[in-house]
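See below for the structure under consideration.
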Amino acid sequence: MNTSVQYSIESLNQDFSYSGTTTAGDPDVVAIPLTYEVLFSFYSYRRLGLHISSPEAEPVSVVAWSESTYGYFSFLGLPCHTQPTNSYVYYAVSSHGLNNFSGHILLVGCKNNTNVTIVPNQYANITMPANPQSPISAYKTYRVGESNTFVIHAGQTIRMYQAFSDISGSKIISDAPLTVISGHSAAQIPLGAIGGDPMAAQVTPTITWGKEFLLSPHHNRASGQFYKIIAHRPGTIIQRRCGTSPTVNATLSSGQVYQFNTSYTSYCSLISNKPIFVAHVGPSTFFNGGTYGDPTLNTVPPISQYLYSIEYTRYFAIFSGVNLLIPRDQYFSNNLILDNTLYSVSSWDSIIYFPNGTIAGYGWYASTSGTHTFTHANASGGIFLSIYGWTTYRGYAFSGGMGLDPINPPLPLPQVSFTQDLFIVTEGNYNAIIHLNRSANVEEEVTVRVSVTPQQLDTAEVGDDYLSTSSVVTFRYGETLHNVTIAINDDLYAEPTEYFTVRLEAIGQDVIVFPITECTVEINDNDYIQIGFSNTSLNIDSTELTLNVSNYHGVIQSGETSTVQLQVESLSGSVLNVTRFDFYNYSGSYFASFNLSDLPFFLVYNQNDAVIMGRLIIYKSSINVTIKPSVVSVIYSSKETTSSSYAASTTPVDCMTSEVFFVSTVYITPTSTIFSQACVFSQPVTVRSTSTVYTSTIITTSMNTSLSLCLSKITITVEKSSSCFNMLPTTQPNQSSLSSSVVVGGVMGYIIIFILCIVGTAGGFFCGRSSTRKQRLTMTDIIPPDTGTSSANDYEGRRNEVRASILNKNQTLPLPMKLFEKDEERKKELEARFGSEIILKYLGKLNEMASNTGYLCCGKLTWPDLQLFTIVNILVQMKPEAMETFPDLLKHKSIR
């Protein structure tokens, strides 16, 4: 070691500089102008830092000492020491004070662009500029759960303060080393004791903290002393033992402060399971009957930071002293080097015991003056010196020296994250539960904020859909999971799925790793609207079709729209999109009208394609929409007026009188093959002839026949005059394309005509093998043969061509036939003609066949002629060779 070292002092504002030489055993003293005292946090105090440097191989030690009207204060200055970490954590140490004097933290930057975060403790409300780099920054007070992150550069000075409260335990985090000086401008130790003085200490970063400490008293302070312990990690357990007293235990959380006091003769040991910071605090003048001195503050290093050799200087005081602490380890001996002279220590002032009863070390006290050097007898050993002095109402104390070795490397950076990036909630559940996970470091206490942060793409609205949230979550020691609840509003509107964003940020610990810093909450609506047709089926007889679509359930929120699309399609698959219906925030009904003749489907007789359908589909909707009923079946029976001619053959009739004309009335009545559809019209025709001369007369009538082939039979009833007692002439169609099979009813007094219709090239009846094969006119996309007589746009002409092509294939249309008036009379006549047993057996067998084979198309059998004709049609289809006579058919073996 050189006996003298050159050093220099430079101020950041360049208003002050100094160069000098300090010599071992004769320290240099430099007076700093009072203008460099950082009194406030104003921007004008930002450039008051002093940079003290010496050659790298020739280190120097710096002690700051101040005397003012209010008293003394002093502290050991520590170098800007770079540690193997990217996170430096410091804790403030302070006290309660006199009146409204403030506790303070003074930061001095060591490197440019250092990011710093201040985290107040649970009692502190720290006031400082929100942005210290701005000369016009507003001031803000930061409370527990809040933090301020800012930038500081090398040599810059920032003072933070708070009156009335003890700010000990407030955290300072940086990504580069800092000079952190903490204390109070007029501390009272303890609060309320008469006597207040300034006190200060430069605190060390947590990476240098330790677990084993030796504590020595201020021997000339009969009022005793206090110690403050600050924990960095949760679950910190401390044990202290003073002299031979019982061990006292305490458990601390992160940032928690523990304080105790001892007598002026008590040497103590202190051990912990996790690193801690220890400060030695001198009491106020009149505490416990004292008569001199005032509060002091100095840092106590752990045993692992003791130095081999320490030089100190006693400053002016009436009472002054130095305490030596030496651990009992493998390097210990009773020898000690004082000012380069080896001494044998025959008697130590105190033996210091660990809580387990083993000897921790020894303490030695001396009254002192001037400058001295203490050195361990073994080059690998270490010692600690505490230097202090008092006058009336004033005092100072500082640590003689300490190491800054990284004995407590930081744990891996804690990681806090949302457990997933999407959380799904249903509106009626009322709450969205957001899960957070902490990993990578469960020993570090970590505090984060979870808040709803609306983003541009969010669709949920705060207040209407959810309640804004800003929650502070603290992960204590060992905690890995936390939940945050966000209230979800339940309304009556049918809405689309909506989203909002939740963000995660650190509070006072910007070194936290956030794998997922943002998540999305998806709100699924529990309300819905129901849109559908007003009918499930329609029977129409006009080409004009009107379909009604209504909103049956639910109200859409204002600004939202649900659109459904109407399609018309045939069973063969042809589809036409007709229109769209837009449902807004009110319940509504809509009508779609169109002309069937305008549809691009061709009308043909097709047994397998019997209906057209209207179908609703969701065209565009982000809300919960139900389409029910979504399909309506439309049965279309078009009315067309045709002129049907019938040849009326007349034959002589033996009448009771022949001198007058008689009048006969012919009724032509169509009957439907579809049980649910009735052909209700009947056309009377009057036939006049004489009793002696009969002429062939063409009877022509205009009648409505259904293009849906409503008819499978017609009934012609002749009402004769009372003078006529024989059968009237048989009447049959004169169209050659209509092939008729005629049966005369004999004594029943009427004529029944059965019509065998041909579809395509195969013969068959219009009661098919399944209930869906009903005879109707249907929409289809089958294109009829092109006869060259009409254009593609001539829909009516092409329809006639289709009809002509069917008739050219010998298809027959049903002729009208008159229904009987009374079922009971018909039953009696049939039973009289064929026997009641045969009729009952006939009906029973038919019901059995209909049930087993599906041949029945017209509903449950009763006695109307329609059902009787259907019986014959079915049996003829099954056994056409048996169709010789009606009575013989009833006796056929196939139905016995």
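Every chain in the structure tokens takes a letter, A first, then B, and so on in the order presented; its residues are numbered from 1, and the ligands are numbered from 1 following the presented order.
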Residues at most 12 Å from range 17-24 of chain A, counting only C-alpha atoms, excluding those fewer than 6 positions away in the same chain, as an MDAnalysis selection string? chainID A and resid 1:11 30:33 36 48:55 58:62 310:313 339:340 371:373
Selected residues written out with N, CA, C and O atoms, as a short mmCIF file (atom, residue, chain, number, x, y, z; two decimals), in the first residue's frame:
data_model
loop_
_atom_site.label_atom_id
_atom_site.label_comp_id
_atom_site.auth_asym_id
_atom_site.auth_seq_id
_atom_site.Cartn_x
_atom_site.Cartn_y
_atom_site.Cartn_z
N MET A 1 0.84 -1.18 0.00
CA MET A 1 0.00 0.00 0.00
C MET A 1 0.89 1.24 0.00
O MET A 1 1.83 1.35 0.79
N ASN A 2 0.59 2.16 -0.89
CA ASN A 2 1.34 3.41 -0.91
C ASN A 2 0.97 4.27 0.30
O ASN A 2 -0.16 4.23 0.80
N THR A 3 1.89 5.06 0.78
CA THR A 3 1.64 5.91 1.95
C THR A 3 0.84 7.14 1.58
O THR A 3 0.23 7.77 2.44
N SER A 4 0.83 7.52 0.32
CA SER A 4 0.02 8.67 -0.11
C SER A 4 -0.60 8.37 -1.46
O SER A 4 -0.01 7.69 -2.29
N VAL A 5 -1.82 8.91 -1.64
CA VAL A 5 -2.59 8.62 -2.86
C VAL A 5 -3.17 9.93 -3.36
O VAL A 5 -3.72 10.74 -2.58
N GLN A 6 -3.06 10.15 -4.68
CA GLN A 6 -3.68 11.31 -5.31
C GLN A 6 -5.16 11.01 -5.57
O GLN A 6 -5.53 9.92 -5.99
N TYR A 7 -5.98 12.02 -5.34
CA TYR A 7 -7.41 11.86 -5.59
C TYR A 7 -7.94 13.18 -6.13
O TYR A 7 -7.27 14.22 -6.06
N SER A 8 -9.17 13.14 -6.68
CA SER A 8 -9.79 14.35 -7.20
C SER A 8 -11.28 14.32 -6.92
O SER A 8 -11.89 13.25 -6.77
N ILE A 9 -11.88 15.53 -6.86
CA ILE A 9 -13.32 15.68 -6.67
C ILE A 9 -13.83 16.61 -7.76
O ILE A 9 -13.32 17.72 -7.93
N GLU A 10 -14.85 16.16 -8.49
CA GLU A 10 -15.45 16.96 -9.56
C GLU A 10 -16.96 17.01 -9.35
O GLU A 10 -17.59 15.99 -9.05
N SER A 11 -17.51 18.19 -9.51
CA SER A 11 -18.97 18.33 -9.42
C SER A 11 -19.59 18.20 -10.79
O SER A 11 -18.97 18.56 -11.80
N VAL A 30 -11.58 17.74 3.27
CA VAL A 30 -12.01 18.66 2.24
C VAL A 30 -13.36 19.24 2.65
O VAL A 30 -14.29 18.49 2.98
N ALA A 31 -13.48 20.55 2.64
CA ALA A 31 -14.74 21.22 2.95
C ALA A 31 -15.53 21.41 1.66
O ALA A 31 -15.02 21.98 0.69
N ILE A 32 -16.77 20.95 1.66
CA ILE A 32 -17.63 21.05 0.49
C ILE A 32 -18.54 22.27 0.70
O ILE A 32 -19.14 22.43 1.77
N PRO A 33 -18.69 23.13 -0.30
CA PRO A 33 -19.57 24.30 -0.15
C PRO A 33 -20.99 23.88 0.21
O PRO A 33 -21.51 22.86 -0.26
N TYR A 36 -23.87 22.69 -2.15
CA TYR A 36 -24.00 21.33 -2.66
C TYR A 36 -24.85 20.45 -1.74
O TYR A 36 -24.94 19.24 -1.96
N LEU A 48 -26.04 18.24 -8.46
CA LEU A 48 -25.18 18.54 -7.31
C LEU A 48 -24.33 17.34 -6.89
O LEU A 48 -23.74 17.36 -5.81
N GLY A 49 -24.25 16.35 -7.74
CA GLY A 49 -23.44 15.18 -7.41
C GLY A 49 -21.95 15.47 -7.47
O GLY A 49 -21.49 16.27 -8.30
N LEU A 50 -21.15 14.83 -6.61
CA LEU A 50 -19.70 14.96 -6.56
C LEU A 50 -19.06 13.61 -6.88
O LEU A 50 -19.45 12.58 -6.31
N HIS A 51 -18.12 13.64 -7.78
CA HIS A 51 -17.44 12.41 -8.18
C HIS A 51 -16.04 12.42 -7.58
O HIS A 51 -15.21 13.27 -7.91
N ILE A 52 -15.74 11.47 -6.66
CA ILE A 52 -14.44 11.35 -6.01
C ILE A 52 -13.76 10.13 -6.61
O ILE A 52 -14.32 9.03 -6.62
N SER A 53 -12.53 10.30 -7.09
CA SER A 53 -11.83 9.20 -7.76
C SER A 53 -10.36 9.20 -7.38
O SER A 53 -9.77 10.21 -7.01
N SER A 54 -9.76 8.01 -7.48
CA SER A 54 -8.32 7.80 -7.28
C SER A 54 -7.89 6.74 -8.26
O SER A 54 -8.73 6.07 -8.87
N PRO A 55 -6.57 6.55 -8.44
CA PRO A 55 -6.12 5.49 -9.35
C PRO A 55 -6.71 4.14 -8.94
O PRO A 55 -6.90 3.84 -7.76
N GLU A 58 -5.08 2.16 -6.28
CA GLU A 58 -4.82 2.86 -5.03
C GLU A 58 -6.15 3.39 -4.47
O GLU A 58 -6.47 4.57 -4.56
N PRO A 59 -6.98 2.51 -3.89
CA PRO A 59 -8.29 2.92 -3.40
C PRO A 59 -8.17 3.82 -2.16
O PRO A 59 -7.19 3.77 -1.43
N VAL A 60 -9.19 4.62 -1.98
CA VAL A 60 -9.28 5.48 -0.81
C VAL A 60 -10.62 5.20 -0.11
O VAL A 60 -11.53 4.63 -0.70
N SER A 61 -10.73 5.62 1.13
CA SER A 61 -11.95 5.50 1.91
C SER A 61 -12.49 6.90 2.17
O SER A 61 -11.71 7.83 2.42
N VAL A 62 -13.83 7.04 2.12
CA VAL A 62 -14.46 8.35 2.26
C VAL A 62 -15.47 8.28 3.40
O VAL A 62 -16.31 7.38 3.45
N ILE A 310 -8.57 -1.86 9.05
CA ILE A 310 -9.42 -0.67 8.98
C ILE A 310 -8.70 0.50 9.64
O ILE A 310 -8.21 0.39 10.77
N GLU A 311 -8.68 1.64 8.92
CA GLU A 311 -8.16 2.89 9.49
C GLU A 311 -9.32 3.83 9.76
O GLU A 311 -10.23 3.93 8.95
N TYR A 312 -9.32 4.53 10.86
CA TYR A 312 -10.40 5.44 11.20
C TYR A 312 -9.83 6.72 11.80
O TYR A 312 -8.68 6.77 12.25
N THR A 313 -10.67 7.77 11.86
CA THR A 313 -10.31 9.05 12.48
C THR A 313 -11.44 9.47 13.41
O THR A 313 -12.62 9.42 13.02
N ASP A 339 -1.97 -0.09 14.98
CA ASP A 339 -0.98 0.88 14.45
C ASP A 339 0.37 0.19 14.23
O ASP A 339 1.42 0.65 14.71
N ASN A 340 0.30 -0.96 13.55
CA ASN A 340 1.47 -1.74 13.14
C ASN A 340 2.18 -2.42 14.30
O ASN A 340 3.31 -2.91 14.14
N THR A 371 -6.18 9.38 14.70
CA THR A 371 -6.34 8.41 13.62
C THR A 371 -5.58 7.15 13.99
O THR A 371 -4.41 7.21 14.39
N HIS A 372 -6.22 5.99 13.81
CA HIS A 372 -5.60 4.72 14.17
C HIS A 372 -5.97 3.66 13.13
O HIS A 372 -6.96 3.78 12.41
N THR A 373 -5.18 2.58 13.14
CA THR A 373 -5.42 1.45 12.23
C THR A 373 -5.46 0.17 13.04
O THR A 373 -4.53 -0.12 13.81
#
Nearby residues (only C-alpha atoms) at most 10 Å from Ser347 in chain A, same-chain spacing under 4 positions excluded, as JSON, numbers by chain: {"A": [334, 351, 362, 363, 364]}
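Among A:Asn125, A:Thr179, A:Ser309, A:Asn261, the residue with the shortest atom-to-atom distance to Leu338 in chain A, counting only C-alpha atoms, is A:Ser309.
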Long-range neighbours of Pro198 in chain A as a VMD selection string, 6 Å cut-off, only C-alpha atoms, 5 positions minimum in chain: chain A and resid 73 184 to 186
Pull N, CA and C atoms from the residues just selected and write them as a compact mmCIF listing (two decimals), in the first residue's frame.
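Generated output (out_17.txt):
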# COMPACT_ATOMS: atom_id res chain seq x y z
N PHE A 73 -24.14 14.81 11.66
CA PHE A 73 -24.45 13.50 11.09
C PHE A 73 -23.25 13.05 10.28
N HIS A 184 -32.97 10.89 8.17
CA HIS A 184 -34.02 11.81 8.61
C HIS A 184 -33.38 13.15 8.95
N SER A 185 -34.13 14.22 8.70
CA SER A 185 -33.58 15.56 8.96
C SER A 185 -33.69 15.96 10.42
N ALA A 186 -34.59 15.35 11.20
CA ALA A 186 -34.70 15.63 12.64
C ALA A 186 -35.35 14.44 13.31
What's the separation between CA of Ile238 in chain A and CA of Ala222 in chain A, in Å to one decimal place?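 The value is 26.5 Å.
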Neighbouring residues of range 528-532 of chain A were defined as those with any atom within 12 Å, considering only C-alpha atoms; residues of the same chain fewer than 4 positions away were excluded. Please report them as a ChimeraX atom specification. /A:427,491-497,524,536,547-557,561-566,581-591,614-618,621-632
Just the residues within 6 Å of Ile118 in chain A, please, counting only C-alpha atoms, with nothing from its chain fewer than 2 positions along; format it as a count of residues only. 5
Measure the distance from CA of Gln162 in chain A to CA of Ser399 in chain A in Å and round it to one decimal.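 Computing the Euclidean distance for CA of Gln162 in chain A and CA of Ser399 in chain A yields 26.1 Å.
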